[in-house]
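What follows is a set of notes on a single structure, which appears directly below.
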Amino acid sequence: GVVVWGNVAEGMLKYYLAVTDGATINSANDDSLAYTLRLQFTPTMLGFKPETGYTVSDTYLGKQNALSIGVGYRLVGRSGANEKDTKMWAIDALYEQKFGDMVPNLQVGYISVKDGRIGAGVYGDASQIYAQGQLLYDQMAGFGKPAVAVKFEQNQNKLNGPDPKNTRIGIWGHYYIKGQAAKVSLGIDSVSLNSEAKNRVGNGKNFTDVTLQLQTQF
């Protein structure tokens, strides 16, 4: 595919335009294209630093104050009898600002899918909401900086009949030894499914994951 992206007004507005291969999974006709548009706004007039790179960071660890609001739309084309185009849109926001030694980070988002392909000629809608927050203590405690984070995520499919839905709630502790280049994390994620979601996966159950993560980048 091809992606054209750039910044307007020194990063106050960032845009992405993409044309890529379309439906490639479970499709007998692989001759369609997908089109994606994303716009991201940063109120630089309020002192927030723009995210001018191709990607954005999950957290800046207190090195810059960030506030961005993004909207996106994606159309996945399909060809063939009884096939539909899949349409998706999303909105998200990230806020991080340093107050003394404390650095709060908040992220929220919503994703909507219309006519997502489930099988041959079978389509359904879906949605997802998420929110996560982190509070970093921006001083060395031992040989690193500690942070605590919470996360909420909910997915719901809209099919004929009852809608399956699952919800994930997580609590994490992070210890940044050298930023993202050296980090230790410990988290607990609890996932609950409604009765329809349990039935669709065959006697599905609620579950809890405990994760110890050691991260290094070089």
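In the structure tokens, chains take the letters A, B, ... in the order shown, each chain's residues start at 1, and ligands count up from 1 in the order shown.
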
Run DSSP on the backbone and tell me which residues of region 168-218 of chain A come out as helix (DSSP H, G or I); list them as a list of chain:residue names.
A:Ser195, A:Glu196, A:Ala197, A:Lys198, A:Asn199, A:Arg200

Contacts of region 67-80 of chain A at 7 Å or less, counting only C-alpha atoms, minus same-chain residues fewer than 5 places along, as a PDB file with all heavy atoms, in the first residue's frame?
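Result file follows (out31.pdb):
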```
ATOM      1  N   GLY A  22      -7.137  -4.540  -0.084  1.00  0.00           N
ATOM      2  CA  GLY A  22      -8.401  -4.613   0.636  1.00  0.00           C
ATOM      3  C   GLY A  22      -8.609  -5.936   1.335  1.00  0.00           C
ATOM      4  O   GLY A  22      -7.763  -6.382   2.110  1.00  0.00           O
ATOM      5  N   ALA A  23      -9.736  -6.575   1.050  1.00  0.00           N
ATOM      6  CA  ALA A  23     -10.085  -7.817   1.732  1.00  0.00           C
ATOM      7  C   ALA A  23      -9.193  -8.952   1.233  1.00  0.00           C
ATOM      8  O   ALA A  23      -9.206  -9.303   0.063  1.00  0.00           O
ATOM      9  CB  ALA A  23     -11.546  -8.154   1.489  1.00  0.00           C
ATOM     10  N   ASN A  29     -12.504 -13.232  -3.930  1.00  0.00           N
ATOM     11  CA  ASN A  29     -12.177 -12.186  -4.890  1.00  0.00           C
ATOM     12  C   ASN A  29     -11.266 -11.162  -4.231  1.00  0.00           C
ATOM     13  O   ASN A  29     -11.725 -10.308  -3.487  1.00  0.00           O
ATOM     14  CB  ASN A  29     -13.457 -11.509  -5.393  1.00  0.00           C
ATOM     15  CG  ASN A  29     -14.398 -12.488  -6.064  1.00  0.00           C
ATOM     16  OD1 ASN A  29     -14.164 -12.915  -7.182  1.00  0.00           O
ATOM     17  ND2 ASN A  29     -15.454 -12.861  -5.358  1.00  0.00           N
ATOM     18  N   SER A  32      -9.892  -5.919  -4.391  1.00  0.00           N
ATOM     19  CA  SER A  32     -10.424  -4.674  -3.853  1.00  0.00           C
ATOM     20  C   SER A  32      -9.338  -3.910  -3.109  1.00  0.00           C
ATOM     21  O   SER A  32      -8.266  -4.426  -2.815  1.00  0.00           O
ATOM     22  CB  SER A  32     -11.602  -4.953  -2.921  1.00  0.00           C
ATOM     23  OG  SER A  32     -11.195  -5.825  -1.889  1.00  0.00           O
ATOM     24  N   LEU A  33      -9.657  -2.652  -2.760  1.00  0.00           N
ATOM     25  CA  LEU A  33      -8.728  -1.784  -2.059  1.00  0.00           C
ATOM     26  C   LEU A  33      -9.354  -1.289  -0.759  1.00  0.00           C
ATOM     27  O   LEU A  33     -10.574  -1.307  -0.594  1.00  0.00           O
ATOM     28  CB  LEU A  33      -8.343  -0.587  -2.925  1.00  0.00           C
ATOM     29  CG  LEU A  33      -7.578  -0.889  -4.214  1.00  0.00           C
ATOM     30  CD1 LEU A  33      -7.385   0.384  -5.017  1.00  0.00           C
ATOM     31  CD2 LEU A  33      -6.235  -1.545  -3.915  1.00  0.00           C
ATOM     32  N   ALA A  34      -8.506  -0.853   0.157  1.00  0.00           N
ATOM     33  CA  ALA A  34      -8.948  -0.241   1.406  1.00  0.00           C
ATOM     34  C   ALA A  34      -8.420   1.185   1.460  1.00  0.00           C
ATOM     35  O   ALA A  34      -7.281   1.459   1.063  1.00  0.00           O
ATOM     36  CB  ALA A  34      -8.453  -1.039   2.612  1.00  0.00           C
ATOM     37  N   TYR A  35      -9.257   2.103   1.960  1.00  0.00           N
ATOM     38  CA  TYR A  35      -8.906   3.516   2.032  1.00  0.00           C
ATOM     39  C   TYR A  35      -8.996   3.972   3.485  1.00  0.00           C
ATOM     40  O   TYR A  35      -9.982   3.702   4.175  1.00  0.00           O
ATOM     41  CB  TYR A  35      -9.857   4.339   1.167  1.00  0.00           C
ATOM     42  CG  TYR A  35      -9.910   3.871  -0.272  1.00  0.00           C
ATOM     43  CD1 TYR A  35     -10.840   2.906  -0.659  1.00  0.00           C
ATOM     44  CD2 TYR A  35      -9.043   4.381  -1.225  1.00  0.00           C
ATOM     45  CE1 TYR A  35     -10.895   2.464  -1.976  1.00  0.00           C
ATOM     46  CE2 TYR A  35      -9.087   3.949  -2.536  1.00  0.00           C
ATOM     47  CZ  TYR A  35     -10.016   2.992  -2.915  1.00  0.00           C
ATOM     48  OH  TYR A  35     -10.056   2.559  -4.209  1.00  0.00           O
ATOM     49  N   THR A  36      -7.972   4.674   3.930  1.00  0.00           N
ATOM     50  CA  THR A  36      -7.909   5.112   5.327  1.00  0.00           C
ATOM     51  C   THR A  36      -7.583   6.600   5.391  1.00  0.00           C
ATOM     52  O   THR A  36      -6.698   7.088   4.681  1.00  0.00           O
ATOM     53  CB  THR A  36      -6.835   4.320   6.102  1.00  0.00           C
ATOM     54  OG1 THR A  36      -7.095   2.922   5.992  1.00  0.00           O
ATOM     55  CG2 THR A  36      -6.843   4.712   7.576  1.00  0.00           C
ATOM     56  N   LEU A  37      -8.283   7.306   6.272  1.00  0.00           N
ATOM     57  CA  LEU A  37      -8.037   8.726   6.529  1.00  0.00           C
ATOM     58  C   LEU A  37      -7.959   8.931   8.042  1.00  0.00           C
ATOM     59  O   LEU A  37      -8.812   8.438   8.782  1.00  0.00           O
ATOM     60  CB  LEU A  37      -9.161   9.588   5.948  1.00  0.00           C
ATOM     61  CG  LEU A  37      -9.193  11.057   6.392  1.00  0.00           C
ATOM     62  CD1 LEU A  37      -7.965  11.805   5.865  1.00  0.00           C
ATOM     63  CD2 LEU A  37     -10.478  11.739   5.938  1.00  0.00           C
ATOM     64  N   ARG A  38      -6.928   9.635   8.506  1.00  0.00           N
ATOM     65  CA  ARG A  38      -6.836   9.989   9.925  1.00  0.00           C
ATOM     66  C   ARG A  38      -6.371  11.432  10.045  1.00  0.00           C
ATOM     67  O   ARG A  38      -5.430  11.858   9.370  1.00  0.00           O
ATOM     68  CB  ARG A  38      -5.867   9.077  10.678  1.00  0.00           C
ATOM     69  CG  ARG A  38      -5.657   9.520  12.145  1.00  0.00           C
ATOM     70  CD  ARG A  38      -4.813   8.559  12.944  1.00  0.00           C
ATOM     71  NE  ARG A  38      -4.427   9.117  14.223  1.00  0.00           N
ATOM     72  CZ  ARG A  38      -5.188   9.143  15.316  1.00  0.00           C
ATOM     73  NH1 ARG A  38      -6.396   8.605  15.263  1.00  0.00           N
ATOM     74  NH2 ARG A  38      -4.756   9.668  16.431  1.00  0.00           N
ATOM     75  N   LEU A  39      -7.030  12.173  10.944  1.00  0.00           N
ATOM     76  CA  LEU A  39      -6.656  13.540  11.273  1.00  0.00           C
ATOM     77  C   LEU A  39      -6.413  13.634  12.772  1.00  0.00           C
ATOM     78  O   LEU A  39      -7.174  13.073  13.568  1.00  0.00           O
ATOM     79  CB  LEU A  39      -7.762  14.518  10.871  1.00  0.00           C
ATOM     80  CG  LEU A  39      -8.133  14.558   9.383  1.00  0.00           C
ATOM     81  CD1 LEU A  39      -9.347  15.461   9.182  1.00  0.00           C
ATOM     82  CD2 LEU A  39      -6.964  15.035   8.547  1.00  0.00           C
ATOM     83  N   GLN A  40      -5.361  14.334  13.157  1.00  0.00           N
ATOM     84  CA  GLN A  40      -5.025  14.476  14.577  1.00  0.00           C
ATOM     85  C   GLN A  40      -4.740  15.940  14.885  1.00  0.00           C
ATOM     86  O   GLN A  40      -3.942  16.584  14.207  1.00  0.00           O
ATOM     87  CB  GLN A  40      -3.811  13.609  14.922  1.00  0.00           C
ATOM     88  CG  GLN A  40      -3.399  13.687  16.386  1.00  0.00           C
ATOM     89  CD  GLN A  40      -2.286  12.708  16.717  1.00  0.00           C
ATOM     90  OE1 GLN A  40      -2.327  11.545  16.323  1.00  0.00           O
ATOM     91  NE2 GLN A  40      -1.281  13.187  17.433  1.00  0.00           N
ATOM     92  N   PHE A  41      -5.403  16.451  15.911  1.00  0.00           N
ATOM     93  CA  PHE A  41      -5.291  17.861  16.283  1.00  0.00           C
ATOM     94  C   PHE A  41      -4.617  18.007  17.635  1.00  0.00           C
ATOM     95  O   PHE A  41      -4.949  17.289  18.592  1.00  0.00           O
ATOM     96  CB  PHE A  41      -6.680  18.506  16.322  1.00  0.00           C
ATOM     97  CG  PHE A  41      -6.703  19.878  16.918  1.00  0.00           C
ATOM     98  CD1 PHE A  41      -6.191  20.960  16.227  1.00  0.00           C
ATOM     99  CD2 PHE A  41      -7.228  20.091  18.190  1.00  0.00           C
ATOM    100  CE1 PHE A  41      -6.203  22.235  16.770  1.00  0.00           C
ATOM    101  CE2 PHE A  41      -7.247  21.357  18.742  1.00  0.00           C
ATOM    102  CZ  PHE A  41      -6.734  22.433  18.035  1.00  0.00           C
ATOM    103  N   THR A  42      -3.674  18.936  17.737  1.00  0.00           N
ATOM    104  CA  THR A  42      -3.001  19.280  18.995  1.00  0.00           C
ATOM    105  C   THR A  42      -3.126  20.786  19.220  1.00  0.00           C
ATOM    106  O   THR A  42      -2.699  21.567  18.354  1.00  0.00           O
ATOM    107  CB  THR A  42      -1.510  18.892  18.959  1.00  0.00           C
ATOM    108  OG1 THR A  42      -1.391  17.479  18.830  1.00  0.00           O
ATOM    109  CG2 THR A  42      -0.813  19.333  20.240  1.00  0.00           C
ATOM    110  N   PHE A  48       0.947  22.824  24.373  1.00  0.00           N
ATOM    111  CA  PHE A  48       1.180  21.394  24.215  1.00  0.00           C
ATOM    112  C   PHE A  48       2.075  21.148  23.004  1.00  0.00           C
ATOM    113  O   PHE A  48       1.915  21.782  21.952  1.00  0.00           O
ATOM    114  CB  PHE A  48      -0.137  20.636  24.058  1.00  0.00           C
ATOM    115  CG  PHE A  48      -0.979  20.645  25.298  1.00  0.00           C
ATOM    116  CD1 PHE A  48      -2.033  21.535  25.443  1.00  0.00           C
ATOM    117  CD2 PHE A  48      -0.705  19.762  26.334  1.00  0.00           C
ATOM    118  CE1 PHE A  48      -2.801  21.543  26.587  1.00  0.00           C
ATOM    119  CE2 PHE A  48      -1.466  19.763  27.490  1.00  0.00           C
ATOM    120  CZ  PHE A  48      -2.517  20.661  27.624  1.00  0.00           C
ATOM    121  N   ASP A  85     -18.960  -3.846   1.614  1.00  0.00           N
ATOM    122  CA  ASP A  85     -17.803  -3.083   2.087  1.00  0.00           C
ATOM    123  C   ASP A  85     -17.894  -2.923   3.601  1.00  0.00           C
ATOM    124  O   ASP A  85     -18.972  -2.717   4.150  1.00  0.00           O
ATOM    125  CB  ASP A  85     -17.764  -1.702   1.438  1.00  0.00           C
ATOM    126  CG  ASP A  85     -17.543  -1.772  -0.064  1.00  0.00           C
ATOM    127  OD1 ASP A  85     -17.109  -2.828  -0.547  1.00  0.00           O
ATOM    128  OD2 ASP A  85     -17.816  -0.761  -0.738  1.00  0.00           O
ATOM    129  N   THR A  86     -16.757  -3.017   4.265  1.00  0.00           N
ATOM    130  CA  THR A  86     -16.703  -2.793   5.707  1.00  0.00           C
ATOM    131  C   THR A  86     -16.285  -1.353   5.977  1.00  0.00           C
ATOM    132  O   THR A  86     -15.306  -0.861   5.412  1.00  0.00           O
ATOM    133  CB  THR A  86     -15.702  -3.751   6.370  1.00  0.00           C
ATOM    134  OG1 THR A  86     -16.153  -5.094   6.204  1.00  0.00           O
ATOM    135  CG2 THR A  86     -15.572  -3.462   7.860  1.00  0.00           C
ATOM    136  N   LYS A  87     -17.040  -0.679   6.833  1.00  0.00           N
ATOM    137  CA  LYS A  87     -16.782   0.732   7.143  1.00  0.00           C
ATOM    138  C   LYS A  87     -16.467   0.862   8.635  1.00  0.00           C
ATOM    139  O   LYS A  87     -17.224   0.362   9.471  1.00  0.00           O
ATOM    140  CB  LYS A  87     -17.998   1.578   6.762  1.00  0.00           C
ATOM    141  CG  LYS A  87     -18.311   1.516   5.261  1.00  0.00           C
ATOM    142  CD  LYS A  87     -19.691   2.005   4.934  1.00  0.00           C
ATOM    143  CE  LYS A  87     -20.760   0.959   5.267  1.00  0.00           C
ATOM    144  NZ  LYS A  87     -20.694  -0.234   4.423  1.00  0.00           N
ATOM    145  N   MET A  88     -15.373   1.534   8.939  1.00  0.00           N
ATOM    146  CA  MET A  88     -14.934   1.701  10.321  1.00  0.00           C
ATOM    147  C   MET A  88     -14.615   3.169  10.594  1.00  0.00           C
ATOM    148  O   MET A  88     -14.067   3.844   9.723  1.00  0.00           O
ATOM    149  CB  MET A  88     -13.688   0.855  10.600  1.00  0.00           C
ATOM    150  CG  MET A  88     -13.908  -0.638  10.494  1.00  0.00           C
ATOM    151  SD  MET A  88     -12.367  -1.580  10.650  1.00  0.00           S
ATOM    152  CE  MET A  88     -11.781  -1.485   8.964  1.00  0.00           C
ATOM    153  N   TRP A  89     -14.933   3.641  11.789  1.00  0.00           N
ATOM    154  CA  TRP A  89     -14.504   4.965  12.201  1.00  0.00           C
ATOM    155  C   TRP A  89     -14.098   4.936  13.661  1.00  0.00           C
ATOM    156  O   TRP A  89     -14.535   4.069  14.425  1.00  0.00           O
ATOM    157  CB  TRP A  89     -15.585   6.016  11.947  1.00  0.00           C
ATOM    158  CG  TRP A  89     -16.817   5.911  12.807  1.00  0.00           C
ATOM    159  CD1 TRP A  89     -17.934   5.187  12.563  1.00  0.00           C
ATOM    160  CD2 TRP A  89     -17.031   6.565  14.061  1.00  0.00           C
ATOM    161  NE1 TRP A  89     -18.845   5.339  13.568  1.00  0.00           N
ATOM    162  CE2 TRP A  89     -18.315   6.191  14.496  1.00  0.00           C
ATOM    163  CE3 TRP A  89     -16.279   7.443  14.847  1.00  0.00           C
ATOM    164  CZ2 TRP A  89     -18.850   6.646  15.703  1.00  0.00           C
ATOM    165  CZ3 TRP A  89     -16.820   7.897  16.037  1.00  0.00           C
ATOM    166  CH2 TRP A  89     -18.091   7.507  16.451  1.00  0.00           C
ATOM    167  N   ALA A  90     -13.245   5.859  14.045  1.00  0.00           N
ATOM    168  CA  ALA A  90     -12.714   5.871  15.407  1.00  0.00           C
ATOM    169  C   ALA A  90     -12.447   7.300  15.850  1.00  0.00           C
ATOM    170  O   ALA A  90     -12.189   8.197  15.037  1.00  0.00           O
ATOM    171  CB  ALA A  90     -11.426   5.060  15.483  1.00  0.00           C
ATOM    172  N   ILE A  91     -12.507   7.502  17.149  1.00  0.00           N
ATOM    173  CA  ILE A  91     -12.115   8.765  17.763  1.00  0.00           C
ATOM    174  C   ILE A  91     -11.310   8.455  19.017  1.00  0.00           C
ATOM    175  O   ILE A  91     -11.625   7.498  19.741  1.00  0.00           O
ATOM    176  CB  ILE A  91     -13.351   9.645  18.088  1.00  0.00           C
ATOM    177  CG1 ILE A  91     -12.900  10.986  18.662  1.00  0.00           C
ATOM    178  CG2 ILE A  91     -14.318   8.931  19.029  1.00  0.00           C
ATOM    179  CD1 ILE A  91     -14.030  12.001  18.764  1.00  0.00           C
ATOM    180  N   ASP A  92     -10.254   9.197  19.256  1.00  0.00           N
ATOM    181  CA  ASP A  92      -9.398   8.922  20.410  1.00  0.00           C
ATOM    182  C   ASP A  92      -8.772  10.214  20.903  1.00  0.00           C
ATOM    183  O   ASP A  92      -8.719  11.219  20.185  1.00  0.00           O
ATOM    184  CB  ASP A  92      -8.303   7.905  20.042  1.00  0.00           C
ATOM    185  CG  ASP A  92      -7.445   8.396  18.880  1.00  0.00           C
ATOM    186  OD1 ASP A  92      -6.529   9.215  19.114  1.00  0.00           O
ATOM    187  OD2 ASP A  92      -7.687   7.972  17.740  1.00  0.00           O
ATOM    188  N   ALA A  93      -8.291  10.170  22.134  1.00  0.00           N
ATOM    189  CA  ALA A  93      -7.645  11.337  22.729  1.00  0.00           C
ATOM    190  C   ALA A  93      -6.581  10.883  23.719  1.00  0.00           C
ATOM    191  O   ALA A  93      -6.729   9.844  24.379  1.00  0.00           O
ATOM    192  CB  ALA A  93      -8.665  12.232  23.435  1.00  0.00           C
ATOM    193  N   LEU A  94      -5.512  11.641  23.796  1.00  0.00           N
ATOM    194  CA  LEU A  94      -4.424  11.389  24.747  1.00  0.00           C
ATOM    195  C   LEU A  94      -4.065  12.693  25.437  1.00  0.00           C
ATOM    196  O   LEU A  94      -3.937  13.735  24.779  1.00  0.00           O
ATOM    197  CB  LEU A  94      -3.203  10.813  24.032  1.00  0.00           C
ATOM    198  CG  LEU A  94      -1.957  10.547  24.899  1.00  0.00           C
ATOM    199  CD1 LEU A  94      -1.184   9.336  24.371  1.00  0.00           C
ATOM    200  CD2 LEU A  94      -1.015  11.758  24.950  1.00  0.00           C
ATOM    201  N   TYR A  95      -3.921  12.625  26.755  1.00  0.00           N
ATOM    202  CA  TYR A  95      -3.529  13.791  27.550  1.00  0.00           C
ATOM    203  C   TYR A  95      -2.457  13.385  28.539  1.00  0.00           C
ATOM    204  O   TYR A  95      -2.591  12.379  29.250  1.00  0.00           O
ATOM    205  CB  TYR A  95      -4.733  14.359  28.296  1.00  0.00           C
ATOM    206  CG  TYR A  95      -4.377  15.360  29.369  1.00  0.00           C
ATOM    207  CD1 TYR A  95      -3.971  16.650  29.040  1.00  0.00           C
ATOM    208  CD2 TYR A  95      -4.444  15.014  30.714  1.00  0.00           C
ATOM    209  CE1 TYR A  95      -3.638  17.566  30.018  1.00  0.00           C
ATOM    210  CE2 TYR A  95      -4.117  15.927  31.706  1.00  0.00           C
ATOM    211  CZ  TYR A  95      -3.715  17.204  31.353  1.00  0.00           C
ATOM    212  OH  TYR A  95      -3.379  18.109  32.335  1.00  0.00           O
ATOM    213  N   GLU A  96      -1.355  14.147  28.567  1.00  0.00           N
ATOM    214  CA  GLU A  96      -0.300  13.923  29.556  1.00  0.00           C
ATOM    215  C   GLU A  96       0.320  15.269  29.909  1.00  0.00           C
ATOM    216  O   GLU A  96       0.663  16.053  29.019  1.00  0.00           O
ATOM    217  CB  GLU A  96       0.773  12.972  29.014  1.00  0.00           C
ATOM    218  CG  GLU A  96       1.898  12.720  30.018  1.00  0.00           C
ATOM    219  CD  GLU A  96       2.877  11.641  29.542  1.00  0.00           C
ATOM    220  OE1 GLU A  96       2.423  10.509  29.327  1.00  0.00           O
ATOM    221  OE2 GLU A  96       4.071  11.954  29.374  1.00  0.00           O
TER     222      GLU A  96
END
```

Give the strand (DSSP E) residues of chain A, as assigned by DSSP on the backbone, as a ChimeraX atom specification.
/A:2-8,13-21,33-41,66-76,86-96,102-119,122-137,145-158,165-176,182-193,207-216

When you look at region 60-62 of chain A with a cut-off of 9 Å (counting only C-alpha atoms), what residues show up, excluding the ones that are within fewer than 5 positions of it in the same chain? I need them as a PDB file with N, CA, C and O atoms, in the first residue's frame.
```pdb
ATOM      1  N   GLU A  96      -1.355  14.147  28.567  1.00  0.00           N
ATOM      2  CA  GLU A  96      -0.300  13.923  29.556  1.00  0.00           C
ATOM      3  C   GLU A  96       0.320  15.269  29.909  1.00  0.00           C
ATOM      4  O   GLU A  96       0.663  16.053  29.019  1.00  0.00           O
ATOM      5  N   GLN A  97       0.448  15.525  31.213  1.00  0.00           N
ATOM      6  CA  GLN A  97       1.021  16.796  31.659  1.00  0.00           C
ATOM      7  C   GLN A  97       1.704  16.596  33.000  1.00  0.00           C
ATOM      8  O   GLN A  97       1.195  15.880  33.873  1.00  0.00           O
ATOM      9  N   LYS A  98       2.838  17.246  33.160  1.00  0.00           N
ATOM     10  CA  LYS A  98       3.615  17.105  34.386  1.00  0.00           C
ATOM     11  C   LYS A  98       3.216  18.164  35.394  1.00  0.00           C
ATOM     12  O   LYS A  98       3.137  19.353  35.072  1.00  0.00           O
ATOM     13  N   PHE A  99       2.960  17.712  36.628  1.00  0.00           N
ATOM     14  CA  PHE A  99       2.644  18.600  37.745  1.00  0.00           C
ATOM     15  C   PHE A  99       3.630  18.291  38.866  1.00  0.00           C
ATOM     16  O   PHE A  99       3.449  17.315  39.608  1.00  0.00           O
ATOM     17  N   ASP A 101       6.302  16.546  40.648  1.00  0.00           N
ATOM     18  CA  ASP A 101       6.908  15.228  40.466  1.00  0.00           C
ATOM     19  C   ASP A 101       5.920  14.200  39.925  1.00  0.00           C
ATOM     20  O   ASP A 101       6.299  13.048  39.704  1.00  0.00           O
ATOM     21  N   MET A 102       4.665  14.587  39.732  1.00  0.00           N
ATOM     22  CA  MET A 102       3.647  13.643  39.274  1.00  0.00           C
ATOM     23  C   MET A 102       3.286  13.905  37.811  1.00  0.00           C
ATOM     24  O   MET A 102       3.164  15.061  37.385  1.00  0.00           O
ATOM     25  N   VAL A 103       3.114  12.823  37.065  1.00  0.00           N
ATOM     26  CA  VAL A 103       2.782  12.923  35.640  1.00  0.00           C
ATOM     27  C   VAL A 103       1.561  12.050  35.355  1.00  0.00           C
ATOM     28  O   VAL A 103       1.677  10.834  35.207  1.00  0.00           O
ATOM     29  N   PRO A 104       0.364  12.633  35.298  1.00  0.00           N
ATOM     30  CA  PRO A 104      -0.812  11.854  34.923  1.00  0.00           C
ATOM     31  C   PRO A 104      -0.895  11.700  33.401  1.00  0.00           C
ATOM     32  O   PRO A 104      -0.520  12.599  32.643  1.00  0.00           O
ATOM     33  N   ASN A 105      -1.393  10.552  32.992  1.00  0.00           N
ATOM     34  CA  ASN A 105      -1.594  10.241  31.572  1.00  0.00           C
ATOM     35  C   ASN A 105      -2.982   9.624  31.431  1.00  0.00           C
ATOM     36  O   ASN A 105      -3.330   8.683  32.154  1.00  0.00           O
ATOM     37  N   LEU A 136       2.592   8.574  36.994  1.00  0.00           N
ATOM     38  CA  LEU A 136       4.032   8.332  37.121  1.00  0.00           C
ATOM     39  C   LEU A 136       4.624   9.248  38.176  1.00  0.00           C
ATOM     40  O   LEU A 136       4.328  10.447  38.198  1.00  0.00           O
ATOM     41  N   ASP A 138       7.796  11.013  38.906  1.00  0.00           N
ATOM     42  CA  ASP A 138       8.936  11.362  38.079  1.00  0.00           C
ATOM     43  C   ASP A 138      10.173  11.693  38.915  1.00  0.00           C
ATOM     44  O   ASP A 138      10.800  12.750  38.746  1.00  0.00           O
ATOM     45  N   GLY A 179      13.506   4.558  31.071  1.00  0.00           N
ATOM     46  CA  GLY A 179      12.397   4.800  30.153  1.00  0.00           C
ATOM     47  C   GLY A 179      11.839   3.501  29.612  1.00  0.00           C
ATOM     48  O   GLY A 179      11.779   2.487  30.302  1.00  0.00           O
TER      49      GLY A 179
END
```

Please compute the CA of Lys178 (chain A)-CA of Leu135 (chain A) distance, one decimal, in Å.
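About the pair CA of Lys178 (chain A) and CA of Leu135 (chain A): they are 17.0 Å apart.
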